[in-house]
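Some notes on the structure that comes next.
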Amino acid sequence: MAQSPSSSHPVTLLCLKGDGIGPEITAATQSVLNVVDSLYGLGLRFETHDVGFVSLEKSGSTFPQSVLDAAKKADGIVIGPVSTNDYPPAVQGGVNPSAALRKNLDLYANIRPAKSYPGLPPRVGDSIDLVIARENTEGFYADRSMFEGSGEFMPTEDLAVAVRKITRKASERIARTAFALARQRRNKITVVHKANVFRLSDGLFLEAVRDVRQEFPDTEYEEQIVDAMAALLIRAPEAYDVIVTTNMYGDILSDEASEIAGSLGLAASLNAGDQYAMAQAQHGSAPDIAGQDKANPASLIGSAAMLLRWLGERRGDARFVSAGDAIDVAITKMVSSPETRTVDLGGTIGTKAFTEGLIANLS
Ligand code: NAD
């Protein structure tokens, strides 16, 4: 957002539908946002652009420059999942819109909650209520680790190399985000790494988190190696509060954590930086259920609630925080009752019926 926040101008949300189930769950999210807009007088204005295969067809790129330009002018972004695995190479227009926005808008913190719902038993163990603070701008992601060119290359036809970038700056800022978040919760941090093998790169990450720890002496602190963490999440998910980790470990562990809570279909997330924020479900485009009214839209609707709270805190406007909280209450009501659960949660209702029920709860 170029201007400083104020409560008088309309709040522009850029909506990007994406691929697979993206159009279904973004439509659901937008209808929920419309309702809280009128209930809370938020002054939302929606601007919709194409990304993904629709955009490739129209403009030759899955992520045209015009979308980045619009994102830079918007107050917030809502993006549906994208089918990146099926995209053509970059020279043929296949650009990952999600990665491009995270990198270009410096959305360094990917905040991924996993929470049990009343009446919905977790898939394993006792209830879970944790947040993963995942570094979002570097790590083992080929499209994020180089200034120019790709972090993945083949010097010969039988040799493929991937470069992983870890910096002190990015590690410190995600650590600070995580500690600040922990203070608002149960004040416990678990830092997840693989410094026993990646002594230099994960070693640098760990060192940066330990340094930041000095600023938060009252926070309970522990370190776990990532493979053990994957097991411990199954064994005792209730033991964790805020987990801070590098990009790829966070990506994998957050899918595990949200599935423990019930389903990837509940997995909300916010990509946030100092200036911009983007609501985005944790999961992918689920091509296996696309276009069948089977997707659980709670993931993206919950992500939009996170975006509204981010906007509310940034603008000093309690209406946005209340609207975000009201959406979460309405999701909880829907998920807590077996009759109003989607198929991924063992229920029978579809995307549209879930959205209508949620809106009825809001109103
Ligand atoms: P996926 O997350 O799309 O699906 C995994 C499983 O979870 C599938 O069984 C799917 O049906 C189910 N699922 C996911 N979201 C659901 C929802 N809201 N409701 C009910 N069930 C849901 O993972 P995948 O199949 O490995 O990836 C599909 C595509 O998504 C690939 O092209 C991949 O590159 C891409 N992807 C995109 C993002 C993103 O846009 N942020 C993230 C991950 C993967």
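Each chain in the structure tokens gets a letter, A, B and so on, in the order shown; residues start at 1 in every chain, and ligands are counted from 1 in the order they appear.
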
So which residues touch segment 299-310 of chain A within 10 Å, counting only C-alpha atoms, skipping near sequence neighbours fewer than 5 positions away, as a ChimeraX atom specification? /A:13,22,25-33,42,75-81,111-113,258,263-272,276-283,315-328,330-331,355,358

Residue set, segment 35-280 of chain A restricted to strand (DSSP E or B), as JSON, numbers by chain: {"A": [44, 45, 46, 47, 48, 49, 76, 77, 78, 79, 109, 110, 111, 112, 113, 114, 115, 117, 120, 129, 130, 131, 132, 133, 134, 135, 139, 152, 153, 154, 155, 156, 159, 160, 161, 162, 165, 188, 189, 190, 191, 192, 193, 220, 221, 222, 223, 224, 225, 242, 243, 244, 245, 270, 271, 272, 277, 278, 279, 280]}

Proximity to Ala228 of chain A - best of A:Ser150, A:Ala261, A:Lys194, A:Leu130, only C-alpha atoms: A:Lys194

Considering only C-alpha atoms, return as an MDAnalysis selection string whatever protein or nucleic-acid residues lie within 9 Å of Gly43 of chain A, sequence-local ones (same chain, fewer than 3 positions apart) excluded. chainID A and resid 8:12 37:38 40

Writer output for current selection, N, CA, C and O atoms, as a CSV table (one decimal), in the first residue's frame:
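Once everything was written out, this is result_12.csv:
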```
chain,number,residue,atom,x,y,z
A,8,SER,N,-10.5,6.7,6.3
A,8,SER,CA,-11.4,7.4,5.4
A,8,SER,C,-11.5,6.9,4.0
A,8,SER,O,-12.6,6.8,3.4
A,9,HIS,N,-10.4,6.5,3.4
A,9,HIS,CA,-10.5,6.1,2.0
A,9,HIS,C,-10.9,4.6,1.9
A,9,HIS,O,-10.8,3.8,2.8
A,10,PRO,N,-11.6,4.3,0.7
A,10,PRO,CA,-12.0,2.9,0.6
A,10,PRO,C,-10.8,1.9,0.6
A,10,PRO,O,-9.7,2.3,0.3
A,11,VAL,N,-11.1,0.7,1.1
A,11,VAL,CA,-10.1,-0.3,1.2
A,11,VAL,C,-10.1,-1.2,0.1
A,11,VAL,O,-11.1,-2.0,-0.1
A,12,THR,N,-9.1,-1.2,-0.8
A,12,THR,CA,-9.1,-2.0,-2.0
A,12,THR,C,-8.5,-3.4,-1.8
A,12,THR,O,-7.4,-3.4,-1.3
A,37,ASP,N,-18.5,-6.6,5.1
A,37,ASP,CA,-18.4,-5.2,4.7
A,37,ASP,C,-19.6,-4.4,5.0
A,37,ASP,O,-19.6,-3.3,5.6
A,38,SER,N,-20.8,-5.0,4.7
A,38,SER,CA,-22.0,-4.2,5.0
A,38,SER,C,-22.3,-4.2,6.5
A,38,SER,O,-22.8,-3.2,7.1
A,40,TYR,N,-20.2,-4.4,9.0
A,40,TYR,CA,-19.3,-3.6,9.9
A,40,TYR,C,-18.9,-2.2,9.2
A,40,TYR,O,-18.1,-1.5,9.8
```

Can you tell me which residues surround Val191 of chain A at a distance of at most 7 Å, considering only C-alpha atoms, apart from same-chain residues fewer than 2 positions away, and format the answer as a PyMOL selection string? chain A and resi 189+193+222-224+243-245

Would you mind writing down, as a PyMOL selection string, each residue of segment 74-136 of chain A that DSSP on the backbone assigns to helix (DSSP H, G or I)? chain A and resi 84-86+90-92+97-104

Give me a file of those residues, with C-alpha atoms, as a tab-separated table (two decimals), in the first residue's frame.
```
chain	number	residue	atom	x	y	z
A	84	THR	CA	2.10	-24.38	-10.29
A	85	ASN	CA	3.08	-28.00	-10.82
A	86	ASP	CA	1.33	-27.94	-14.20
A	90	ALA	CA	9.04	-19.49	-17.26
A	91	VAL	CA	10.11	-18.80	-20.85
A	92	GLN	CA	6.66	-20.02	-21.93
A	97	PRO	CA	2.02	-15.91	-8.87
A	98	SER	CA	2.21	-16.74	-5.19
A	99	ALA	CA	6.01	-16.78	-5.13
A	100	ALA	CA	6.23	-13.63	-7.27
A	101	LEU	CA	3.98	-11.72	-4.86
A	102	ARG	CA	5.78	-13.00	-1.77
A	103	LYS	CA	9.13	-11.97	-3.22
A	104	ASN	CA	8.21	-8.67	-4.86
```

Which of A:Ile349, A:Leu233, A:Ala182, A:Ala290 sits closest to ligand 1 [using only C-alpha atoms and all ligand atoms]: A:Ala290

Neighbours of Leu253 of chain A within 10 Å (only C-alpha atoms; same-chain residues fewer than 2 positions away dropped), as number ranges by chain? A: 112, 132, 134, 192, 226-227, 229-230, 233, 243, 245, 248-251, 255-259

Could you take the residues named above and write them with N, CA and C atoms, as a PDB file, in the first residue's frame?
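Generated output (again_11.pdb):
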```pdb
ATOM      1  N   ARG A 112       0.864 -19.390   9.816  1.00  0.00           N
ATOM      2  CA  ARG A 112      -0.007 -20.535   9.511  1.00  0.00           C
ATOM      3  C   ARG A 112      -0.537 -21.192  10.789  1.00  0.00           C
ATOM      4  N   ILE A 132       2.468 -21.677  13.028  1.00  0.00           N
ATOM      5  CA  ILE A 132       3.800 -21.806  12.435  1.00  0.00           C
ATOM      6  C   ILE A 132       4.162 -20.482  11.783  1.00  0.00           C
ATOM      7  N   ARG A 134       6.580 -19.110   9.355  1.00  0.00           N
ATOM      8  CA  ARG A 134       7.454 -19.665   8.321  1.00  0.00           C
ATOM      9  C   ARG A 134       8.129 -18.535   7.546  1.00  0.00           C
ATOM     10  N   VAL A 192      12.627 -24.649  14.816  1.00  0.00           N
ATOM     11  CA  VAL A 192      12.831 -25.928  14.112  1.00  0.00           C
ATOM     12  C   VAL A 192      13.919 -25.747  13.046  1.00  0.00           C
ATOM     13  N   VAL A 226      14.123 -30.860  12.609  1.00  0.00           N
ATOM     14  CA  VAL A 226      12.870 -30.924  11.850  1.00  0.00           C
ATOM     15  C   VAL A 226      12.285 -32.333  11.748  1.00  0.00           C
ATOM     16  N   ASP A 227      13.119 -33.354  11.595  1.00  0.00           N
ATOM     17  CA  ASP A 227      12.551 -34.706  11.461  1.00  0.00           C
ATOM     18  C   ASP A 227      11.903 -35.154  12.766  1.00  0.00           C
ATOM     19  N   MET A 229      10.655 -33.087  14.883  1.00  0.00           N
ATOM     20  CA  MET A 229       9.455 -32.239  15.027  1.00  0.00           C
ATOM     21  C   MET A 229       8.257 -32.862  14.317  1.00  0.00           C
ATOM     22  N   ALA A 230       8.505 -33.448  13.132  1.00  0.00           N
ATOM     23  CA  ALA A 230       7.415 -34.083  12.382  1.00  0.00           C
ATOM     24  C   ALA A 230       6.784 -35.196  13.223  1.00  0.00           C
ATOM     25  N   LEU A 233       4.910 -33.699  16.476  1.00  0.00           N
ATOM     26  CA  LEU A 233       3.594 -33.103  16.182  1.00  0.00           C
ATOM     27  C   LEU A 233       2.495 -34.157  16.238  1.00  0.00           C
ATOM     28  N   ILE A 243       5.767 -22.071  16.427  1.00  0.00           N
ATOM     29  CA  ILE A 243       6.913 -22.753  15.829  1.00  0.00           C
ATOM     30  C   ILE A 243       7.511 -21.803  14.808  1.00  0.00           C
ATOM     31  N   THR A 245      10.413 -21.323  11.814  1.00  0.00           N
ATOM     32  CA  THR A 245      11.291 -22.156  11.008  1.00  0.00           C
ATOM     33  C   THR A 245      11.518 -21.564   9.621  1.00  0.00           C
ATOM     34  N   MET A 248      10.960 -24.092   3.701  1.00  0.00           N
ATOM     35  CA  MET A 248      10.440 -25.410   3.307  1.00  0.00           C
ATOM     36  C   MET A 248       9.977 -26.248   4.500  1.00  0.00           C
ATOM     37  N   TYR A 249      10.710 -26.193   5.611  1.00  0.00           N
ATOM     38  CA  TYR A 249      10.259 -26.959   6.783  1.00  0.00           C
ATOM     39  C   TYR A 249       8.875 -26.465   7.220  1.00  0.00           C
ATOM     40  N   GLY A 250       8.697 -25.136   7.157  1.00  0.00           N
ATOM     41  CA  GLY A 250       7.415 -24.552   7.572  1.00  0.00           C
ATOM     42  C   GLY A 250       6.289 -24.976   6.644  1.00  0.00           C
ATOM     43  N   ASP A 251       6.594 -25.061   5.358  1.00  0.00           N
ATOM     44  CA  ASP A 251       5.599 -25.467   4.366  1.00  0.00           C
ATOM     45  C   ASP A 251       5.114 -26.892   4.684  1.00  0.00           C
ATOM     46  N   ASP A 255       1.274 -28.201   6.713  1.00  0.00           N
ATOM     47  CA  ASP A 255       0.276 -29.130   6.154  1.00  0.00           C
ATOM     48  C   ASP A 255       0.004 -30.250   7.153  1.00  0.00           C
ATOM     49  N   GLU A 256       1.053 -30.731   7.789  1.00  0.00           N
ATOM     50  CA  GLU A 256       0.872 -31.798   8.787  1.00  0.00           C
ATOM     51  C   GLU A 256       0.013 -31.290   9.952  1.00  0.00           C
ATOM     52  N   ALA A 257       0.349 -30.096  10.439  1.00  0.00           N
ATOM     53  CA  ALA A 257      -0.368 -29.566  11.610  1.00  0.00           C
ATOM     54  C   ALA A 257      -1.837 -29.321  11.294  1.00  0.00           C
ATOM     55  N   SER A 258      -2.127 -28.772  10.104  1.00  0.00           N
ATOM     56  CA  SER A 258      -3.542 -28.485   9.837  1.00  0.00           C
ATOM     57  C   SER A 258      -4.317 -29.765   9.576  1.00  0.00           C
ATOM     58  N   GLU A 259      -3.665 -30.772   9.052  1.00  0.00           N
ATOM     59  CA  GLU A 259      -4.350 -32.052   8.867  1.00  0.00           C
ATOM     60  C   GLU A 259      -4.619 -32.709  10.233  1.00  0.00           C
TER      61      GLU A 259
END
```
